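Participant: This is the structure I want to talk about, given as structure tokens.
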Amino acid sequence: MSKRILIVTGSPRVGGNSDRLAEAFAKGALEAGHTVETFAAGRANISPCHACDMCFSKGMPCVFNDDFNEKLVPMLRNADVIALVSPLYWYDISAQLKLAIDKLKAFSGHEALPIKESVLMMCGAVSEEERFSGAVEVYRQITRGSLKWQDRGVVLAPSCPQKGDIEKSPALEKAYKLGLSL
Ligand SMILES: Cc1cc2nc3c(=O)[nH]c(=O)nc-3n(C[C@H](O)[C@H](O)[C@H](O)COP(=O)(O)O)c2cc1C
């Protein structure tokens with residue numbers, strides 16, 4: 001069955017390691033017959049959640065209109081699978097990606113999104129996968145605990161301090177195979 005896959009990337013660096021992970025994943029997903037859309041949260045204009053409890057009060061999910069409402073929300077409403085892709089920033093997902101995730105709160109109690117499955121892909125400078133554990137745990141709590149997305153896999157790319165380092169990492173092949181497996 002063909003799935004609608006939304007990739008949300010979290011790096012400001014164009015063509016960087018997380019963009020390459022996203023591309024490899026997308027290649028596999030397209031080969032498997034799925035459709036793919038990508039939103040670069042790391043380069044988007046998304047304001048932080050203000051916790052104003054005004055979600056949907058003006059018709060839009062967030063009353064502060066930015067790329068979340070304008071660009072990401074239509075993609076969220078059209079996705080079966082979400083792929084979160086981020087550089088490791090201070091042992092967590094990037095703040096840019098987190099801004100987008102925070103605003104998902106607008107949908108709680110207002111509208112059910114069609115997303116049922118998720119994956120996480122991350123790259124970082126450190127050489128040990130264990131040091132991604134904080135970010136992975138955040139992902140697990142978000143998906144399992146709150147949004148009820150079924151986790152379909154986590155790909156970690158350690159030892160990638162510089163742009164392009166990912167080309168030598170087995171993570172690119174893992175990302176491709178994960179896309180293919182959905
Ligand atoms: C603000 C900032 C914080 C970072 N924090 C970490 C970190 O905590 N651990 C780590 O291993 N790498 C850290 N890095 C390195 C990036 O995770 C690494 O260079 C990654 O491959 C960048 O991915 P990108 O090319 O998609 O931007 C940090 C980089 C930046 C710019």
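Within each chain, counting starts at residue 1; across the structure tokens, chains are named A, B, ... in the order shown, with ligands numbered 1 upward in that order.
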Which residues are near ligand 1 - at most 8 Å, using only C-alpha atoms and all ligand atoms? Format: as an MDAnalysis selection string.
Facilitator: chainID A and resid 10:20 86:92 94 122:127 131:132 157:166
Participant: May I have the residues within 8 Å of segment 137-146 of chain A as a PyMOL selection string, using only C-alpha atoms and disregarding those fewer than 4 positions away in the same chain?
Facilitator: chain A and resi 92+118+120+133+150-151
Participant: Output N, CA and C atoms of each residue in that selection to a file, as an mmCIF file, in the first residue's frame.
Facilitator:
data_model
loop_
_atom_site.group_PDB
_atom_site.id
_atom_site.type_symbol
_atom_site.label_atom_id
_atom_site.label_comp_id
_atom_site.auth_asym_id
_atom_site.auth_seq_id
_atom_site.Cartn_x
_atom_site.Cartn_y
_atom_site.Cartn_z
ATOM 1 N N ASP A 92 20.384 16.803 21.962
ATOM 2 C CA ASP A 92 18.936 16.733 21.725
ATOM 3 C C ASP A 92 18.687 16.993 20.244
ATOM 4 N N SER A 118 6.154 6.717 12.484
ATOM 5 C CA SER A 118 7.226 7.715 12.487
ATOM 6 C C SER A 118 8.587 7.040 12.470
ATOM 7 N N LEU A 120 12.949 8.292 13.201
ATOM 8 C CA LEU A 120 13.892 9.336 13.626
ATOM 9 C C LEU A 120 15.244 9.049 12.988
ATOM 10 N N SER A 133 21.341 9.252 23.178
ATOM 11 C CA SER A 133 20.238 8.613 23.915
ATOM 12 C C SER A 133 19.218 9.624 24.462
ATOM 13 N N GLN A 150 3.414 4.985 15.644
ATOM 14 C CA GLN A 150 4.158 3.725 15.767
ATOM 15 C C GLN A 150 5.576 3.948 15.240
ATOM 16 N N ASP A 151 6.556 3.692 16.096
ATOM 17 C CA ASP A 151 7.955 3.865 15.685
ATOM 18 C C ASP A 151 8.331 2.805 14.666
#
Participant: If you count only C-alpha atoms, which residues fall within 8 Å of segment 108-113 of chain A, apart from same-chain ones fewer than 2 positions away, as a list in words?
Facilitator: Phe56, Leu76, Arg77, Leu104, Lys105, Ala106 and Ile115 of chain A
Participant: Go ahead and write the selection's residues with N, CA and C atoms as a PDB file, in the first residue's frame.
Facilitator:
ATOM      1  N   PHE A  56      -6.668  27.271  17.266  1.00  0.00           N
ATOM      2  CA  PHE A  56      -7.871  27.135  16.443  1.00  0.00           C
ATOM      3  C   PHE A  56      -8.930  28.209  16.728  1.00  0.00           C
ATOM      4  N   LEU A  76       1.171  18.109   7.133  1.00  0.00           N
ATOM      5  CA  LEU A  76       0.805  17.225   8.251  1.00  0.00           C
ATOM      6  C   LEU A  76      -0.562  16.582   8.019  1.00  0.00           C
ATOM      7  N   ARG A  77      -1.452  17.370   7.408  1.00  0.00           N
ATOM      8  CA  ARG A  77      -2.815  16.860   7.152  1.00  0.00           C
ATOM      9  C   ARG A  77      -2.849  15.864   5.997  1.00  0.00           C
ATOM     10  N   LEU A 104       2.683  21.202  17.447  1.00  0.00           N
ATOM     11  CA  LEU A 104       1.722  20.108  17.239  1.00  0.00           C
ATOM     12  C   LEU A 104       0.694  20.082  18.361  1.00  0.00           C
ATOM     13  N   LYS A 105       1.046  20.696  19.483  1.00  0.00           N
ATOM     14  CA  LYS A 105       0.103  20.754  20.612  1.00  0.00           C
ATOM     15  C   LYS A 105      -1.223  21.375  20.189  1.00  0.00           C
ATOM     16  N   ALA A 106      -1.194  22.240  19.187  1.00  0.00           N
ATOM     17  CA  ALA A 106      -2.432  22.885  18.717  1.00  0.00           C
ATOM     18  C   ALA A 106      -3.488  21.851  18.335  1.00  0.00           C
ATOM     19  N   ILE A 115      -1.400  10.975  10.650  1.00  0.00           N
ATOM     20  CA  ILE A 115      -0.090  10.330  10.839  1.00  0.00           C
ATOM     21  C   ILE A 115      -0.204   9.161  11.825  1.00  0.00           C
TER      22      ILE A 115
END
Participant: Tell me, which residues of chain A carry DSSP alpha helix (DSSP H), written as a PyMOL selection string?
Facilitator: chain A and resi 17-31+67+73-76+95-102+133-140+171-181
Participant: Keeping only C-alpha atoms, write those residues as a PDB file, in the first residue's frame.
Facilitator:
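Okay, result.pdb is ready:
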ATOM      1  CA  ASN A  17      24.440  15.583   6.911  1.00  0.00           C
ATOM      2  CA  SER A  18      20.792  15.529   7.950  1.00  0.00           C
ATOM      3  CA  ASP A  19      19.670  16.706   4.505  1.00  0.00           C
ATOM      4  CA  ARG A  20      21.648  13.797   3.039  1.00  0.00           C
ATOM      5  CA  LEU A  21      20.027  11.342   5.478  1.00  0.00           C
ATOM      6  CA  ALA A  22      16.630  12.688   4.400  1.00  0.00           C
ATOM      7  CA  GLU A  23      17.524  12.260   0.724  1.00  0.00           C
ATOM      8  CA  ALA A  24      18.668   8.662   1.194  1.00  0.00           C
ATOM      9  CA  PHE A  25      15.505   7.839   3.138  1.00  0.00           C
ATOM     10  CA  ALA A  26      13.354   9.506   0.467  1.00  0.00           C
ATOM     11  CA  LYS A  27      15.100   7.541  -2.291  1.00  0.00           C
ATOM     12  CA  GLY A  28      14.190   4.265  -0.586  1.00  0.00           C
ATOM     13  CA  ALA A  29      10.629   5.375   0.122  1.00  0.00           C
ATOM     14  CA  LEU A  30      10.074   6.467  -3.481  1.00  0.00           C
ATOM     15  CA  GLU A  31      11.475   3.173  -4.776  1.00  0.00           C
ATOM     16  CA  ASP A  67       5.401  28.715   8.269  1.00  0.00           C
ATOM     17  CA  VAL A  73       0.136  22.094   8.517  1.00  0.00           C
ATOM     18  CA  PRO A  74      -1.086  21.250   4.975  1.00  0.00           C
ATOM     19  CA  MET A  75       1.685  18.640   4.805  1.00  0.00           C
ATOM     20  CA  LEU A  76       0.805  17.225   8.251  1.00  0.00           C
ATOM     21  CA  ALA A  95      15.730  23.749  18.524  1.00  0.00           C
ATOM     22  CA  GLN A  96      14.464  24.469  15.018  1.00  0.00           C
ATOM     23  CA  LEU A  97      12.830  21.047  14.778  1.00  0.00           C
ATOM     24  CA  LYS A  98      11.569  21.306  18.347  1.00  0.00           C
ATOM     25  CA  LEU A  99       9.757  24.574  17.516  1.00  0.00           C
ATOM     26  CA  ALA A 100       7.724  22.719  14.897  1.00  0.00           C
ATOM     27  CA  ILE A 101       7.033  19.783  17.217  1.00  0.00           C
ATOM     28  CA  ASP A 102       5.932  22.088  20.045  1.00  0.00           C
ATOM     29  CA  SER A 133      20.238   8.613  23.915  1.00  0.00           C
ATOM     30  CA  GLY A 134      18.715  11.838  25.291  1.00  0.00           C
ATOM     31  CA  ALA A 135      17.363  12.809  21.887  1.00  0.00           C
ATOM     32  CA  VAL A 136      16.128   9.284  21.174  1.00  0.00           C
ATOM     33  CA  GLU A 137      14.336   9.194  24.513  1.00  0.00           C
ATOM     34  CA  VAL A 138      12.602  12.515  23.724  1.00  0.00           C
ATOM     35  CA  TYR A 139      11.462  10.987  20.414  1.00  0.00           C
ATOM     36  CA  ARG A 140      10.197   7.860  22.172  1.00  0.00           C
ATOM     37  CA  ALA A 171      23.879   5.475   8.206  1.00  0.00           C
ATOM     38  CA  LEU A 172      23.131   6.599   4.639  1.00  0.00           C
ATOM     39  CA  GLU A 173      22.514   3.020   3.556  1.00  0.00           C
ATOM     40  CA  LYS A 174      20.497   2.405   6.737  1.00  0.00           C
ATOM     41  CA  ALA A 175      18.324   5.452   5.954  1.00  0.00           C
ATOM     42  CA  TYR A 176      17.781   4.236   2.390  1.00  0.00           C
ATOM     43  CA  LYS A 177      16.798   0.759   3.615  1.00  0.00           C
ATOM     44  CA  LEU A 178      14.461   2.219   6.226  1.00  0.00           C
ATOM     45  CA  GLY A 179      12.665   4.188   3.502  1.00  0.00           C
ATOM     46  CA  LEU A 180      12.468   1.068   1.386  1.00  0.00           C
ATOM     47  CA  SER A 181      11.051  -0.957   4.292  1.00  0.00           C
TER      48      SER A 181
END
Participant: If you run DSSP over the backbone, which residues in segment 17-162 of chain A end up strand (DSSP E or B)? Put them as a ChimeraX atom specification.
Facilitator: /A:35-40,81-87,89,92,117-123,150-157
Participant: Would you list the contacts of Lys103 of chain A as a PyMOL selection string, taking every protein, DNA or RNA residue within 10 Å and counting only C-alpha atoms, but skipping same-chain residues closer than 6 positions in sequence?
Facilitator: chain A and resi 46-51+55+61-62+68-69+73
Participant: For the selection just defined, write its residues with C-alpha atoms to a file, as a short mmCIF file (atom, residue, chain, number, x, y, z; two decimals), in the first residue's frame.
Facilitator:
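Output (part_27.cif):
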data_model
loop_
_atom_site.label_atom_id
_atom_site.label_comp_id
_atom_site.auth_asym_id
_atom_site.auth_seq_id
_atom_site.Cartn_x
_atom_site.Cartn_y
_atom_site.Cartn_z
CA ILE A 46 8.40 29.22 13.02
CA SER A 47 7.85 31.14 16.23
CA PRO A 48 7.87 29.34 19.58
CA CYS A 49 4.59 28.15 21.10
CA HIS A 50 3.27 30.99 23.30
CA ALA A 51 1.10 28.64 25.44
CA CYS A 55 -5.24 27.25 19.21
CA PRO A 61 -4.14 25.82 14.27
CA CYS A 62 -1.87 28.56 15.67
CA PHE A 68 3.81 26.22 10.67
CA ASN A 69 0.28 27.20 9.61
CA VAL A 73 0.14 22.09 8.52
#
Participant: Would you mind reading off the distance between atom CA of Pro170 of chain A and atom CA of Phe39 of chain A, one decimal, in Å?
Facilitator: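 Rounded to one decimal, the two atoms are 24.3 Å apart.
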Participant: Measure the distance from atom CA of Trp149 of chain A to atom CA of Leu84 of chain A in Å and round it to one decimal.
Facilitator: 12.0 Å
Participant: Identify, on the basis of only C-alpha atoms, every residue whose closest approach to Val119 of chain A does not exceed 6 Å; exclude the query and any residue fewer than 6 positions from it along the same chain; express the result as a list in words.
Facilitator: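 Near Val119 of chain A, the qualifying residues are Ala83, Asp151, Arg152, Gly153 and Val154 of chain A.
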Participant: Could those selected residues go to a file with C-alpha atoms, as an mmCIF file, in the first residue's frame?
Facilitator:
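Below you can see part36.cif, which holds the result:
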data_model
loop_
_atom_site.group_PDB
_atom_site.id
_atom_site.type_symbol
_atom_site.label_atom_id
_atom_site.label_comp_id
_atom_site.auth_asym_id
_atom_site.auth_seq_id
_atom_site.Cartn_x
_atom_site.Cartn_y
_atom_site.Cartn_z
ATOM 1 C CA ALA A 83 10.219 11.192 9.405
ATOM 2 C CA ASP A 151 7.955 3.865 15.685
ATOM 3 C CA ARG A 152 9.277 2.289 12.463
ATOM 4 C CA GLY A 153 12.960 2.829 13.155
ATOM 5 C CA VAL A 154 15.800 5.016 14.363
#
Participant: Quick one: pull the distance between atom CA of Asn78 of chain A and atom CA of Leu182 of chain A, Å, one decimal.
Facilitator: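 Interatomic distance, atom CA of Asn78 of chain A to atom CA of Leu182 of chain A: 16.8 Å.
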